[in-house]
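Visitor: Take this structure first; my questions come after.
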Number of protein chains: 2
Amino acid sequence: MPRSQRRSPPRPKLVSERVCIVGCGAIGGLYAARLGQLPDVEVWAYDPARDHVEAINRDGLRLTGHTELTARVRAVTDATQIPHCALGIVATKGTVTEAAIVATAPIFGDGAVCSVQNGIGNEEVIAEHAPRVMRGVTLQSGRVEAPGVIHLDAPGPTWIGPFEPRPAHWEEVSRLAELLNHGGMETRALRDARGAQWTKLLFNASTNPLCALTGLTHGQLCEYPPTRRLVGELIREGRSVADALGVVLDGDPDILVDEAARANFHHRPSMLQDALARRHTEIDTLNGGIVASARHPRVATPLHAAITDLINGLEHGWSRTPSSG
Amino acid sequence: MPRSQRRSPPRPKLVSERVCIVGCGAIGGLYAARLGQLPDVEVWAYDPARDHVEAINRDGLRLTGHTELTARVRAVTDATQIPHCALGIVATKGTVTEAAIVATAPIFGDGAVCSVQNGIGNEEVIAEHAPRVMRGVTLQSGRVEAPGVIHLDAPGPTWIGPFEPRPAHWEEVSRLAELLNHGGMETRALRDARGAQWTKLLFNASTNPLCALTGLTHGQLCEYPPTRRLVGELIREGRSVADALGVVLDGDPDILVDEAARANFHHRPSMLQDALARRHTEIDTLNGGIVASARHPRVATPLHAAITDLINGLEHGWSRTPSSG
């Protein structure tokens with residue numbers, strides 16, 4: 001369903017190798033840096049942080065930690081400065097997906113946009129504004145170490161696939177995977193990426209908010225029997241939603257959380273970091289996303305609803321009392 | 001089942017009007033001060049806080065706030081100094097019930113001991129050591145303002161009744177109620193105090209730990225729809241346990257929590273105060289008590305179990321990281 005043959009090239013040839021990274025923070029920065037390494041790809045990054053954008057344009061985008069490199073990326077705080085891009089990657093926090101895609105949608109014309117965000121429900125928001133969409137999920141983790149500098153904490157694979165209600169063409173999915181693999185980022189193009197996405201969703205939704213509520217690291221949460229019990233119950237409840245939706249998980253979240261506890265005991269999940277900094281969390285696309293997804297198949301999700309309410313309550317408290325630290 | 005006719009007087013005449021308050025803190029102090037007003041009652045208080053005990057013995061036990069009075073109370077940190085008492089009131093936190101009753105049980109000989117503690121399950125612990133037991137529940141709230149000084153935040157009724165598996169004689173229940181009423185503390189003797197106890201239990205278990213997890217005051221918790229929803233779900237689940245046990249609530253917890261939100265919007269429940277001070281909470285006799293009570297009638301309590309796990313996790317975190325404040 002191409003909308004305007006004047007603005008977009010005929011498929012399958014993608015004449016422009018311009019890619020726009022929407023949100024060039026801890027995760028988006030990893031994609032921008034990898035793609036910026038490729039001689040035939042022009043990478044644009046849209047990010048609201050002015051000092052970060054200025055540092056990227058002045059010194060290049062630096063990757064440190066597990067991998068060290070500096071990439072040429074054009075960064076802007078004003079999306080209207082970005083020329084047409086055939087491919088986009090949205091890597092903002094789920095809390096600002098709507099605003100970010102509204103600002104950048106004109107860039108993509110007849111292109112395809114891939115979410116690599118946490119949780120579930122971001123693709124639905126993107127699909128209201130972009131012509132074609134991909135689901136994506138990644139196991140990488142990183143953090144913005146300084147303006148222009150992204151620290152890669154842990155590498156990990158990315159899975160991408162068409163978003164079913166408004167799918168990207170398979171050529172677009174496989175082309176984006178090809179570019180990312182060329183850039184040194186392990187990426188698999190899948191006909192159905194829901195299993196990968198839900199596996200990570202259940203992992204995150206069953207652990208991150210519990211860390212945020214208790215202050216425990218991922219390892220502490222999983223070694224302490226009462227909290228590990230609750231992690232298991234949340235996985236079980238979430239799995240019943242995936243089953244009802246016909247999603248086949250590509251891994252066992254119970255095994256994955258214990259593996260992660262051994263590999264990265266002291267890891268503070270992003271939602272714990274958000275709680276400590278009193279930042280708006282991604283609860284609505286994690287546990288809240290599971291609750292919303294369970295409505296149509298009418299699966300009961302009392303535990304994920306309770307966790308969603310508690311994190312919402314925590315955030316409500318921040319808005320009512322000034323931070324003490 | 002009198003144990004030693006040498007140490008205890010024959011019933012029903014209670015020759016000694018000695019009463020021992022076990023735990024003379026925020027709640028126990030209210031009872032000690034009221035009973036200490038009565039000319040014919042000798043009040044002993046057992047409490048581990050040496051400065052508090054010394055202040056009570058030196059200056060009397062002072063009540064401030066809603067009611068102002070000073071009472072003569074003999075306070076000790078060593079329970080072996082207390083003579084035989086026919087009546088006892090246990091008002092420690094649920095976390096130290098076992099240690100407190102082990103230390104004081106010999107005082108009561110053939111007497112009766114009443115719990116006025118939060119939650120459920122304390123009477124069972126007391127009954128392992130004391131000859132006869134009463135269930136009690138109170139709506140008063142107070143705090144230790146300084147050594148020897150208890151601030152009465154809000155007065156409220158007390159309900160007492162026989163503890164079914166090891167019941168106090170009805171004469172003991174009514175005598176204790178009489179003394180407390182004489183001392184100016186509204187008290188009702190009930191043949192079955194379970195309805196009063198479970199009503200307060202459901203009130204506390206459905207609000208206090210949510211305040212502790214989110215930092216919200218009681219009023220904030222109840223005005224914010226997501227958290228108020230969860231309060232309602234916890235009440236509903238707890239009510240199903242009471243029903244299965246044949247306990248008839250003496251009030252509607254849903255109405256009571258909203259009334260309390262209007263009357264005392266800024267109230268920080270004791271469990272929130274415990275969380276802020278990183279003190280061991282009473283979760284095991286609140287939500288944990290509901291979960292334990294639900295085992296025999298085999299009622300599912302996934303939400304109260306989840307809340308218990310989260311508070312246990314919060315406490316586990318304090319034991320793993322030093323306090324920052």
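Residues are referred to by chain and number: the chain letter is A, B, ... according to the order shown in the structure tokens, the number counts from 1 in that chain, and ligands are numbered separately from 1 in the order shown.
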Would you mind aligning chain A to chain B, a least-squares fit over all C-alpha atoms taken in order, and returning the superposed chain as an mmCIF file with C-alpha atoms, in the first residue's frame?

Guide:
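As a result, part_9.cif now contains:
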data_model
loop_
_atom_site.group_PDB
_atom_site.id
_atom_site.type_symbol
_atom_site.label_atom_id
_atom_site.label_comp_id
_atom_site.auth_asym_id
_atom_site.auth_seq_id
_atom_site.Cartn_x
_atom_site.Cartn_y
_atom_site.Cartn_z
ATOM 1 C CA MET A 1 -7.935 -25.619 83.098
ATOM 2 C CA PRO A 2 -6.124 -23.865 85.987
ATOM 3 C CA ARG A 3 -2.607 -25.204 86.177
ATOM 4 C CA SER A 4 -1.520 -24.478 89.696
ATOM 5 C CA GLN A 5 -4.008 -23.705 92.420
ATOM 6 C CA ARG A 6 -1.118 -22.658 94.662
ATOM 7 C CA ARG A 7 0.019 -19.822 92.395
ATOM 8 C CA SER A 8 -3.373 -18.495 91.318
ATOM 9 C CA PRO A 9 -6.406 -17.368 93.263
ATOM 10 C CA PRO A 10 -9.746 -19.102 92.798
ATOM 11 C CA ARG A 11 -11.910 -17.616 90.106
ATOM 12 C CA PRO A 12 -13.909 -15.548 89.543
ATOM 13 C CA LYS A 13 -12.410 -13.192 92.160
ATOM 14 C CA LEU A 14 -9.204 -11.611 90.905
ATOM 15 C CA VAL A 15 -7.469 -10.708 94.130
ATOM 16 C CA SER A 16 -4.688 -8.805 92.491
ATOM 17 C CA GLU A 17 -5.402 -5.845 90.266
ATOM 18 C CA ARG A 18 -1.907 -5.940 88.929
ATOM 19 C CA VAL A 19 -1.736 -5.581 85.155
ATOM 20 C CA CYS A 20 1.408 -5.995 83.090
ATOM 21 C CA ILE A 21 1.798 -4.128 79.807
ATOM 22 C CA VAL A 22 4.184 -6.040 77.565
ATOM 23 C CA GLY A 23 5.698 -3.471 75.217
ATOM 24 C CA CYS A 24 5.094 0.076 76.426
ATOM 25 C CA GLY A 25 5.497 1.889 73.105
ATOM 26 C CA ALA A 26 3.035 3.828 70.953
ATOM 27 C CA ILE A 27 0.084 1.531 71.724
ATOM 28 C CA GLY A 28 1.106 -0.210 74.947
ATOM 29 C CA GLY A 29 1.857 3.186 76.459
ATOM 30 C CA LEU A 30 -1.739 4.276 75.896
ATOM 31 C CA TYR A 31 -3.006 1.283 77.890
ATOM 32 C CA ALA A 32 -0.403 1.710 80.627
ATOM 33 C CA ALA A 33 -1.242 5.394 81.043
ATOM 34 C CA ARG A 34 -5.005 4.792 81.199
ATOM 35 C CA LEU A 35 -4.747 1.931 83.679
ATOM 36 C CA GLY A 36 -2.118 3.797 85.690
ATOM 37 C CA GLN A 37 -4.781 6.418 86.404
ATOM 38 C CA LEU A 38 -6.864 3.940 88.389
ATOM 39 C CA PRO A 39 -6.212 4.048 92.154
ATOM 40 C CA ASP A 40 -6.837 0.312 92.662
ATOM 41 C CA VAL A 41 -4.678 -0.972 89.807
ATOM 42 C CA GLU A 42 -0.942 -1.479 89.908
ATOM 43 C CA VAL A 43 0.529 -1.206 86.426
ATOM 44 C CA TRP A 44 3.806 -2.780 85.419
ATOM 45 C CA ALA A 45 5.365 -2.126 82.033
ATOM 46 C CA TYR A 46 7.965 -4.295 80.362
ATOM 47 C CA ASP A 47 9.883 -2.543 77.604
ATOM 48 C CA PRO A 48 13.389 -2.949 76.212
ATOM 49 C CA ALA A 49 14.085 0.797 75.834
ATOM 50 C CA ARG A 50 16.188 1.747 78.861
ATOM 51 C CA ASP A 51 15.811 5.537 78.521
ATOM 52 C CA HIS A 52 12.037 5.186 78.158
ATOM 53 C CA VAL A 53 11.835 2.955 81.234
ATOM 54 C CA GLU A 54 13.984 5.332 83.306
ATOM 55 C CA ALA A 55 11.897 8.350 82.286
ATOM 56 C CA ILE A 56 8.656 6.530 83.191
ATOM 57 C CA ASN A 57 9.974 5.574 86.641
ATOM 58 C CA ARG A 58 11.373 9.045 87.276
ATOM 59 C CA ASP A 59 8.589 11.310 85.920
ATOM 60 C CA GLY A 60 5.609 9.024 85.410
ATOM 61 C CA LEU A 61 4.226 8.014 82.025
ATOM 62 C CA ARG A 62 2.942 11.096 80.205
ATOM 63 C CA LEU A 63 0.186 11.105 77.639
ATOM 64 C CA THR A 64 -0.018 14.119 75.319
ATOM 65 C CA GLY A 65 -1.949 15.096 72.205
ATOM 66 C CA HIS A 66 -5.633 14.312 72.185
ATOM 67 C CA THR A 67 -5.563 13.643 75.946
ATOM 68 C CA GLU A 68 -3.139 15.026 78.530
ATOM 69 C CA LEU A 69 -2.337 13.087 81.677
ATOM 70 C CA THR A 70 0.515 11.620 83.695
ATOM 71 C CA ALA A 71 0.209 8.163 85.219
ATOM 72 C CA ARG A 72 2.107 6.168 87.793
ATOM 73 C CA VAL A 73 3.569 3.098 86.059
ATOM 74 C CA ARG A 74 6.403 0.818 87.194
ATOM 75 C CA ALA A 75 8.591 0.123 84.206
ATOM 76 C CA VAL A 76 11.355 -2.447 83.823
ATOM 77 C CA THR A 77 13.638 -3.784 81.120
ATOM 78 C CA ASP A 78 14.008 -7.053 83.038
ATOM 79 C CA ALA A 79 10.770 -9.030 83.242
ATOM 80 C CA THR A 80 11.931 -11.066 86.244
ATOM 81 C CA GLN A 81 11.429 -7.973 88.416
ATOM 82 C CA ILE A 82 7.679 -7.992 87.802
ATOM 83 C CA PRO A 83 5.470 -9.681 90.438
ATOM 84 C CA HIS A 84 2.584 -11.962 89.471
ATOM 85 C CA CYS A 85 -0.094 -10.240 87.389
ATOM 86 C CA ALA A 86 -3.555 -11.669 86.736
ATOM 87 C CA LEU A 87 -3.931 -9.724 83.508
ATOM 88 C CA GLY A 88 -1.545 -8.819 80.736
ATOM 89 C CA ILE A 89 -1.714 -6.765 77.563
ATOM 90 C CA VAL A 90 0.767 -7.502 74.793
ATOM 91 C CA ALA A 91 1.351 -4.450 72.603
ATOM 92 C CA THR A 92 4.738 -5.128 71.042
ATOM 93 C CA LYS A 93 5.240 -5.135 67.313
ATOM 94 C CA GLY A 94 4.330 -8.493 65.854
ATOM 95 C CA THR A 95 7.966 -9.004 64.941
ATOM 96 C CA VAL A 96 8.971 -9.512 68.600
ATOM 97 C CA THR A 97 5.873 -11.184 70.062
ATOM 98 C CA GLU A 98 7.620 -14.503 70.617
ATOM 99 C CA ALA A 99 10.572 -13.023 72.503
ATOM 100 C CA ALA A 100 8.336 -10.764 74.589
ATOM 101 C CA ILE A 101 5.929 -13.472 75.730
ATOM 102 C CA VAL A 102 8.744 -15.924 76.463
ATOM 103 C CA ALA A 103 10.275 -13.307 78.776
ATOM 104 C CA THR A 104 7.002 -12.406 80.509
ATOM 105 C CA ALA A 105 4.988 -15.649 80.580
ATOM 106 C CA PRO A 106 6.039 -16.580 84.165
ATOM 107 C CA ILE A 107 4.502 -13.338 85.412
ATOM 108 C CA PHE A 108 1.031 -14.432 84.433
ATOM 109 C CA GLY A 109 0.965 -17.748 86.262
ATOM 110 C CA ASP A 110 -2.667 -18.740 85.833
ATOM 111 C CA GLY A 111 -3.666 -15.348 84.394
ATOM 112 C CA ALA A 112 -4.929 -14.165 81.054
ATOM 113 C CA VAL A 113 -3.037 -12.229 78.412
ATOM 114 C CA CYS A 114 -4.633 -10.026 75.749
ATOM 115 C CA SER A 115 -3.013 -9.081 72.455
ATOM 116 C CA VAL A 116 -3.873 -5.632 71.117
ATOM 117 C CA GLN A 117 -1.332 -5.942 68.314
ATOM 118 C CA ASN A 118 -1.820 -5.363 64.616
ATOM 119 C CA GLY A 119 -2.733 -8.213 62.351
ATOM 120 C CA ILE A 120 -3.423 -11.851 62.864
ATOM 121 C CA GLY A 121 -1.377 -14.671 64.357
ATOM 122 C CA ASN A 122 -0.044 -13.000 67.502
ATOM 123 C CA GLU A 123 -2.534 -14.769 69.781
ATOM 124 C CA GLU A 124 -1.331 -18.127 68.460
ATOM 125 C CA VAL A 125 2.221 -17.248 69.499
ATOM 126 C CA ILE A 126 1.130 -15.965 72.910
ATOM 127 C CA ALA A 127 -0.982 -19.098 73.515
ATOM 128 C CA GLU A 128 2.126 -21.260 73.254
ATOM 129 C CA HIS A 129 3.382 -19.659 76.479
ATOM 130 C CA ALA A 130 0.488 -18.074 78.417
ATOM 131 C CA PRO A 131 -2.290 -20.096 80.086
ATOM 132 C CA ARG A 132 -5.253 -18.145 78.717
ATOM 133 C CA VAL A 133 -5.452 -15.635 75.913
ATOM 134 C CA MET A 134 -7.681 -12.855 74.593
ATOM 135 C CA ARG A 135 -7.880 -11.472 71.087
ATOM 136 C CA GLY A 136 -7.884 -7.721 70.995
ATOM 137 C CA VAL A 137 -7.949 -5.021 68.396
ATOM 138 C CA THR A 138 -7.822 -1.272 68.738
ATOM 139 C CA LEU A 139 -8.363 1.687 66.470
ATOM 140 C CA GLN A 140 -6.235 4.028 68.544
ATOM 141 C CA SER A 141 -3.029 5.409 67.126
ATOM 142 C CA GLY A 142 -0.129 7.001 68.886
ATOM 143 C CA ARG A 143 3.620 7.414 68.839
ATOM 144 C CA VAL A 144 6.452 7.639 71.327
ATOM 145 C CA GLU A 145 7.210 11.348 71.312
ATOM 146 C CA ALA A 146 10.119 11.204 73.754
ATOM 147 C CA PRO A 147 11.289 8.834 76.499
ATOM 148 C CA GLY A 148 8.374 8.592 78.922
ATOM 149 C CA VAL A 149 6.007 10.504 76.625
ATOM 150 C CA ILE A 150 3.338 8.950 74.394
ATOM 151 C CA HIS A 151 1.470 11.139 71.910
ATOM 152 C CA LEU A 152 -2.138 10.027 71.368
ATOM 153 C CA ASP A 153 -2.737 10.801 67.683
ATOM 154 C CA ALA A 154 -6.286 9.521 67.528
ATOM 155 C CA PRO A 155 -8.466 7.853 70.162
ATOM 156 C CA GLY A 156 -10.591 4.893 69.145
ATOM 157 C CA PRO A 157 -12.377 1.881 70.544
ATOM 158 C CA THR A 158 -10.805 -1.394 71.651
ATOM 159 C CA TRP A 159 -12.544 -4.748 71.234
ATOM 160 C CA ILE A 160 -11.494 -7.802 73.250
ATOM 161 C CA GLY A 161 -12.728 -11.351 73.410
ATOM 162 C CA PRO A 162 -11.598 -14.896 74.220
ATOM 163 C CA PHE A 163 -9.025 -16.452 71.886
ATOM 164 C CA GLU A 164 -10.925 -19.563 70.830
ATOM 165 C CA PRO A 165 -8.252 -22.302 71.027
ATOM 166 C CA ARG A 166 -7.086 -21.180 74.503
ATOM 167 C CA PRO A 167 -9.739 -18.818 75.761
ATOM 168 C CA ALA A 168 -9.554 -16.440 78.678
ATOM 169 C CA HIS A 169 -12.486 -16.813 81.090
ATOM 170 C CA TRP A 170 -15.342 -14.493 80.295
ATOM 171 C CA GLU A 171 -14.858 -12.900 83.738
ATOM 172 C CA GLU A 172 -11.328 -11.995 82.736
ATOM 173 C CA VAL A 173 -12.429 -10.501 79.429
ATOM 174 C CA SER A 174 -15.156 -8.438 81.052
ATOM 175 C CA ARG A 175 -12.914 -7.392 83.962
ATOM 176 C CA LEU A 176 -10.204 -6.110 81.605
ATOM 177 C CA ALA A 177 -12.831 -4.231 79.589
ATOM 178 C CA GLU A 178 -14.224 -2.762 82.804
ATOM 179 C CA LEU A 179 -10.792 -1.546 83.936
ATOM 180 C CA LEU A 180 -10.041 0.016 80.549
ATOM 181 C CA ASN A 181 -13.422 1.737 80.422
ATOM 182 C CA HIS A 182 -12.851 3.048 83.965
ATOM 183 C CA GLY A 183 -9.530 4.389 82.771
ATOM 184 C CA GLY A 184 -11.306 6.356 80.046
ATOM 185 C CA MET A 185 -10.581 4.004 77.148
ATOM 186 C CA GLU A 186 -13.660 2.853 75.231
ATOM 187 C CA THR A 187 -13.544 -0.952 75.284
ATOM 188 C CA ARG A 188 -16.087 -3.609 74.349
ATOM 189 C CA ALA A 189 -15.938 -7.193 75.608
ATOM 190 C CA LEU A 190 -17.136 -9.531 72.864
ATOM 191 C CA ARG A 191 -17.904 -13.237 72.855
ATOM 192 C CA ASP A 192 -16.345 -13.321 69.371
ATOM 193 C CA ALA A 193 -13.812 -10.593 68.595
ATOM 194 C CA ARG A 194 -12.775 -12.076 65.257
ATOM 195 C CA GLY A 195 -15.089 -9.840 63.220
ATOM 196 C CA ALA A 196 -13.583 -6.691 64.724
ATOM 197 C CA GLN A 197 -10.067 -8.054 64.334
ATOM 198 C CA TRP A 198 -10.513 -9.079 60.693
ATOM 199 C CA THR A 199 -12.161 -5.791 59.788
ATOM 200 C CA LYS A 200 -9.112 -3.902 60.996
ATOM 201 C CA LEU A 201 -6.815 -6.541 59.498
ATOM 202 C CA LEU A 202 -8.347 -6.071 56.039
ATOM 203 C CA PHE A 203 -8.152 -2.304 56.447
ATOM 204 C CA ASN A 204 -4.462 -2.423 57.354
ATOM 205 C CA ALA A 205 -3.341 -5.197 55.003
ATOM 206 C CA SER A 206 -4.996 -3.519 52.026
ATOM 207 C CA THR A 207 -3.496 -0.092 52.614
ATOM 208 C CA ASN A 208 -0.369 -0.061 54.813
ATOM 209 C CA PRO A 209 1.978 -2.123 52.602
ATOM 210 C CA LEU A 210 0.870 -0.209 49.509
ATOM 211 C CA CYS A 211 1.832 3.029 51.264
ATOM 212 C CA ALA A 212 5.166 1.433 52.212
ATOM 213 C CA LEU A 213 5.849 0.372 48.593
ATOM 214 C CA THR A 214 4.771 3.617 46.929
ATOM 215 C CA GLY A 215 5.522 6.250 49.554
ATOM 216 C CA LEU A 216 1.936 7.533 49.350
ATOM 217 C CA THR A 217 0.023 8.700 52.405
ATOM 218 C CA HIS A 218 -3.222 6.907 53.229
ATOM 219 C CA GLY A 219 -5.203 9.712 51.580
ATOM 220 C CA GLN A 220 -3.083 9.823 48.422
ATOM 221 C CA LEU A 221 -3.363 6.045 48.100
ATOM 222 C CA CYS A 222 -7.161 6.201 48.266
ATOM 223 C CA GLU A 223 -7.718 9.204 45.992
ATOM 224 C CA TYR A 224 -5.562 7.838 43.137
ATOM 225 C CA PRO A 225 -7.695 5.436 41.065
ATOM 226 C CA PRO A 226 -5.021 2.799 40.212
ATOM 227 C CA THR A 227 -3.951 2.311 43.827
ATOM 228 C CA ARG A 228 -7.511 2.569 45.139
ATOM 229 C CA ARG A 229 -8.409 -0.211 42.688
ATOM 230 C CA LEU A 230 -5.686 -2.412 44.181
ATOM 231 C CA VAL A 231 -6.857 -1.615 47.726
ATOM 232 C CA GLY A 232 -10.307 -2.844 46.686
ATOM 233 C CA GLU A 233 -8.930 -6.041 45.171
ATOM 234 C CA LEU A 234 -6.967 -6.807 48.343
ATOM 235 C CA ILE A 235 -10.049 -6.219 50.476
ATOM 236 C CA ARG A 236 -12.078 -8.506 48.203
ATOM 237 C CA GLU A 237 -9.481 -11.282 48.388
ATOM 238 C CA GLY A 238 -9.129 -10.936 52.174
ATOM 239 C CA ARG A 239 -12.893 -10.933 52.623
ATOM 240 C CA SER A 240 -13.073 -14.295 50.837
ATOM 241 C CA VAL A 241 -10.732 -15.712 53.495
ATOM 242 C CA ALA A 242 -12.827 -14.267 56.335
ATOM 243 C CA ASP A 243 -15.955 -15.757 54.726
ATOM 244 C CA ALA A 244 -14.311 -19.171 54.439
ATOM 245 C CA LEU A 245 -13.323 -19.012 58.123
ATOM 246 C CA GLY A 246 -16.863 -18.054 59.141
ATOM 247 C CA VAL A 247 -15.746 -14.655 60.395
ATOM 248 C CA VAL A 248 -18.436 -11.991 60.122
ATOM 249 C CA LEU A 249 -16.836 -8.593 59.622
ATOM 250 C CA ASP A 250 -18.200 -5.871 61.889
ATOM 251 C CA GLY A 251 -17.707 -3.131 59.309
ATOM 252 C CA ASP A 252 -17.133 -2.620 55.601
ATOM 253 C CA PRO A 253 -13.385 -2.153 55.028
ATOM 254 C CA ASP A 254 -14.051 -0.363 51.712
ATOM 255 C CA ILE A 255 -16.074 2.291 53.514
ATOM 256 C CA LEU A 256 -13.599 2.495 56.383
ATOM 257 C CA VAL A 257 -10.558 3.123 54.156
ATOM 258 C CA ASP A 258 -12.344 5.957 52.365
ATOM 259 C CA GLU A 259 -13.541 7.449 55.650
ATOM 260 C CA ALA A 260 -9.988 7.323 56.970
ATOM 261 C CA ALA A 261 -8.722 8.988 53.778
ATOM 262 C CA ARG A 262 -11.078 11.893 54.380
ATOM 263 C CA ALA A 263 -10.432 12.114 58.124
ATOM 264 C CA ASN A 264 -6.671 11.696 58.047
ATOM 265 C CA PHE A 265 -5.455 12.315 54.484
ATOM 266 C CA HIS A 266 -1.813 12.852 55.402
ATOM 267 C CA HIS A 267 -1.530 9.826 57.688
ATOM 268 C CA ARG A 268 1.596 7.765 57.086
ATOM 269 C CA PRO A 269 0.764 4.231 58.236
ATOM 270 C CA SER A 270 3.276 2.579 60.535
ATOM 271 C CA MET A 271 4.542 0.324 57.750
ATOM 272 C CA LEU A 272 5.435 3.360 55.641
ATOM 273 C CA GLN A 273 7.210 4.806 58.660
ATOM 274 C CA ASP A 274 9.003 1.473 59.083
ATOM 275 C CA ALA A 275 10.005 1.489 55.406
ATOM 276 C CA LEU A 276 11.355 5.027 55.601
ATOM 277 C CA ALA A 277 13.350 4.085 58.718
ATOM 278 C CA ARG A 278 14.311 0.672 57.245
ATOM 279 C CA ARG A 279 12.802 -1.172 60.210
ATOM 280 C CA HIS A 280 11.491 -4.730 60.102
ATOM 281 C CA THR A 281 7.760 -4.438 59.309
ATOM 282 C CA GLU A 282 4.677 -6.298 60.547
ATOM 283 C CA ILE A 283 3.958 -7.797 57.100
ATOM 284 C CA ASP A 284 3.992 -11.348 58.473
ATOM 285 C CA THR A 285 0.980 -10.711 60.715
ATOM 286 C CA LEU A 286 -0.839 -8.547 58.150
ATOM 287 C CA ASN A 287 -0.817 -9.869 54.565
ATOM 288 C CA GLY A 288 1.316 -12.824 55.589
ATOM 289 C CA GLY A 289 -1.246 -13.584 58.315
ATOM 290 C CA ILE A 290 -4.051 -13.578 55.755
ATOM 291 C CA VAL A 291 -2.080 -15.947 53.495
ATOM 292 C CA ALA A 292 -1.397 -18.280 56.440
ATOM 293 C CA SER A 293 -5.042 -18.164 57.569
ATOM 294 C CA ALA A 294 -6.170 -19.053 54.033
ATOM 295 C CA ARG A 295 -4.216 -22.319 53.947
ATOM 296 C CA HIS A 296 -6.616 -24.434 55.942
ATOM 297 C CA PRO A 297 -9.808 -23.353 54.178
ATOM 298 C CA ARG A 298 -7.756 -23.502 50.931
ATOM 299 C CA VAL A 299 -8.677 -20.056 49.675
ATOM 300 C CA ALA A 300 -6.392 -18.575 46.991
ATOM 301 C CA THR A 301 -4.648 -15.386 48.073
ATOM 302 C CA PRO A 302 -2.318 -14.495 45.162
ATOM 303 C CA LEU A 303 -2.476 -10.758 45.755
ATOM 304 C CA HIS A 304 -1.785 -10.852 49.498
ATOM 305 C CA ALA A 305 1.040 -13.324 48.783
ATOM 306 C CA ALA A 306 2.491 -10.950 46.175
ATOM 307 C CA ILE A 307 2.359 -7.989 48.561
ATOM 308 C CA THR A 308 3.980 -10.106 51.295
ATOM 309 C CA ASP A 309 6.782 -11.079 48.903
ATOM 310 C CA LEU A 310 7.363 -7.473 47.866
ATOM 311 C CA ILE A 311 7.625 -6.191 51.447
ATOM 312 C CA ASN A 312 9.878 -9.109 52.334
ATOM 313 C CA GLY A 313 11.998 -8.170 49.310
ATOM 314 C CA LEU A 314 12.118 -4.553 50.442
ATOM 315 C CA GLU A 315 13.372 -5.657 53.869
ATOM 316 C CA HIS A 316 15.846 -8.066 52.241
ATOM 317 C CA GLY A 317 17.294 -5.092 50.350
ATOM 318 C CA TRP A 318 17.877 -3.152 53.561
ATOM 319 C CA SER A 319 19.882 -6.018 54.963
ATOM 320 C CA ARG A 320 22.058 -5.995 51.836
ATOM 321 C CA THR A 321 22.778 -2.288 51.450
ATOM 322 C CA PRO A 322 23.543 0.341 54.088
ATOM 323 C CA SER A 323 20.969 3.061 54.688
ATOM 324 C CA SER A 324 21.645 6.280 52.841
ATOM 325 C CA GLY A 325 19.660 8.515 55.154
#

Visitor: List every residue of stretch 29-253 of chain A that DSSP, applied to the backbone, labels as helix (DSSP H, G or I), and write the result as a ChimeraX atom specification.

Guide: /A:29-36,50-59,79-81,94-108,122-127,170-182,194-214,218-223,225-245,253

Visitor: Hey, what does DSSP flag as strand (DSSP E or B) within stretch 108-275 of chain A? Can you give it to me as a PyMOL selection string?

Guide: chain A and resi 112-115+132-138+141-146+149-154+158-162+167+187-189
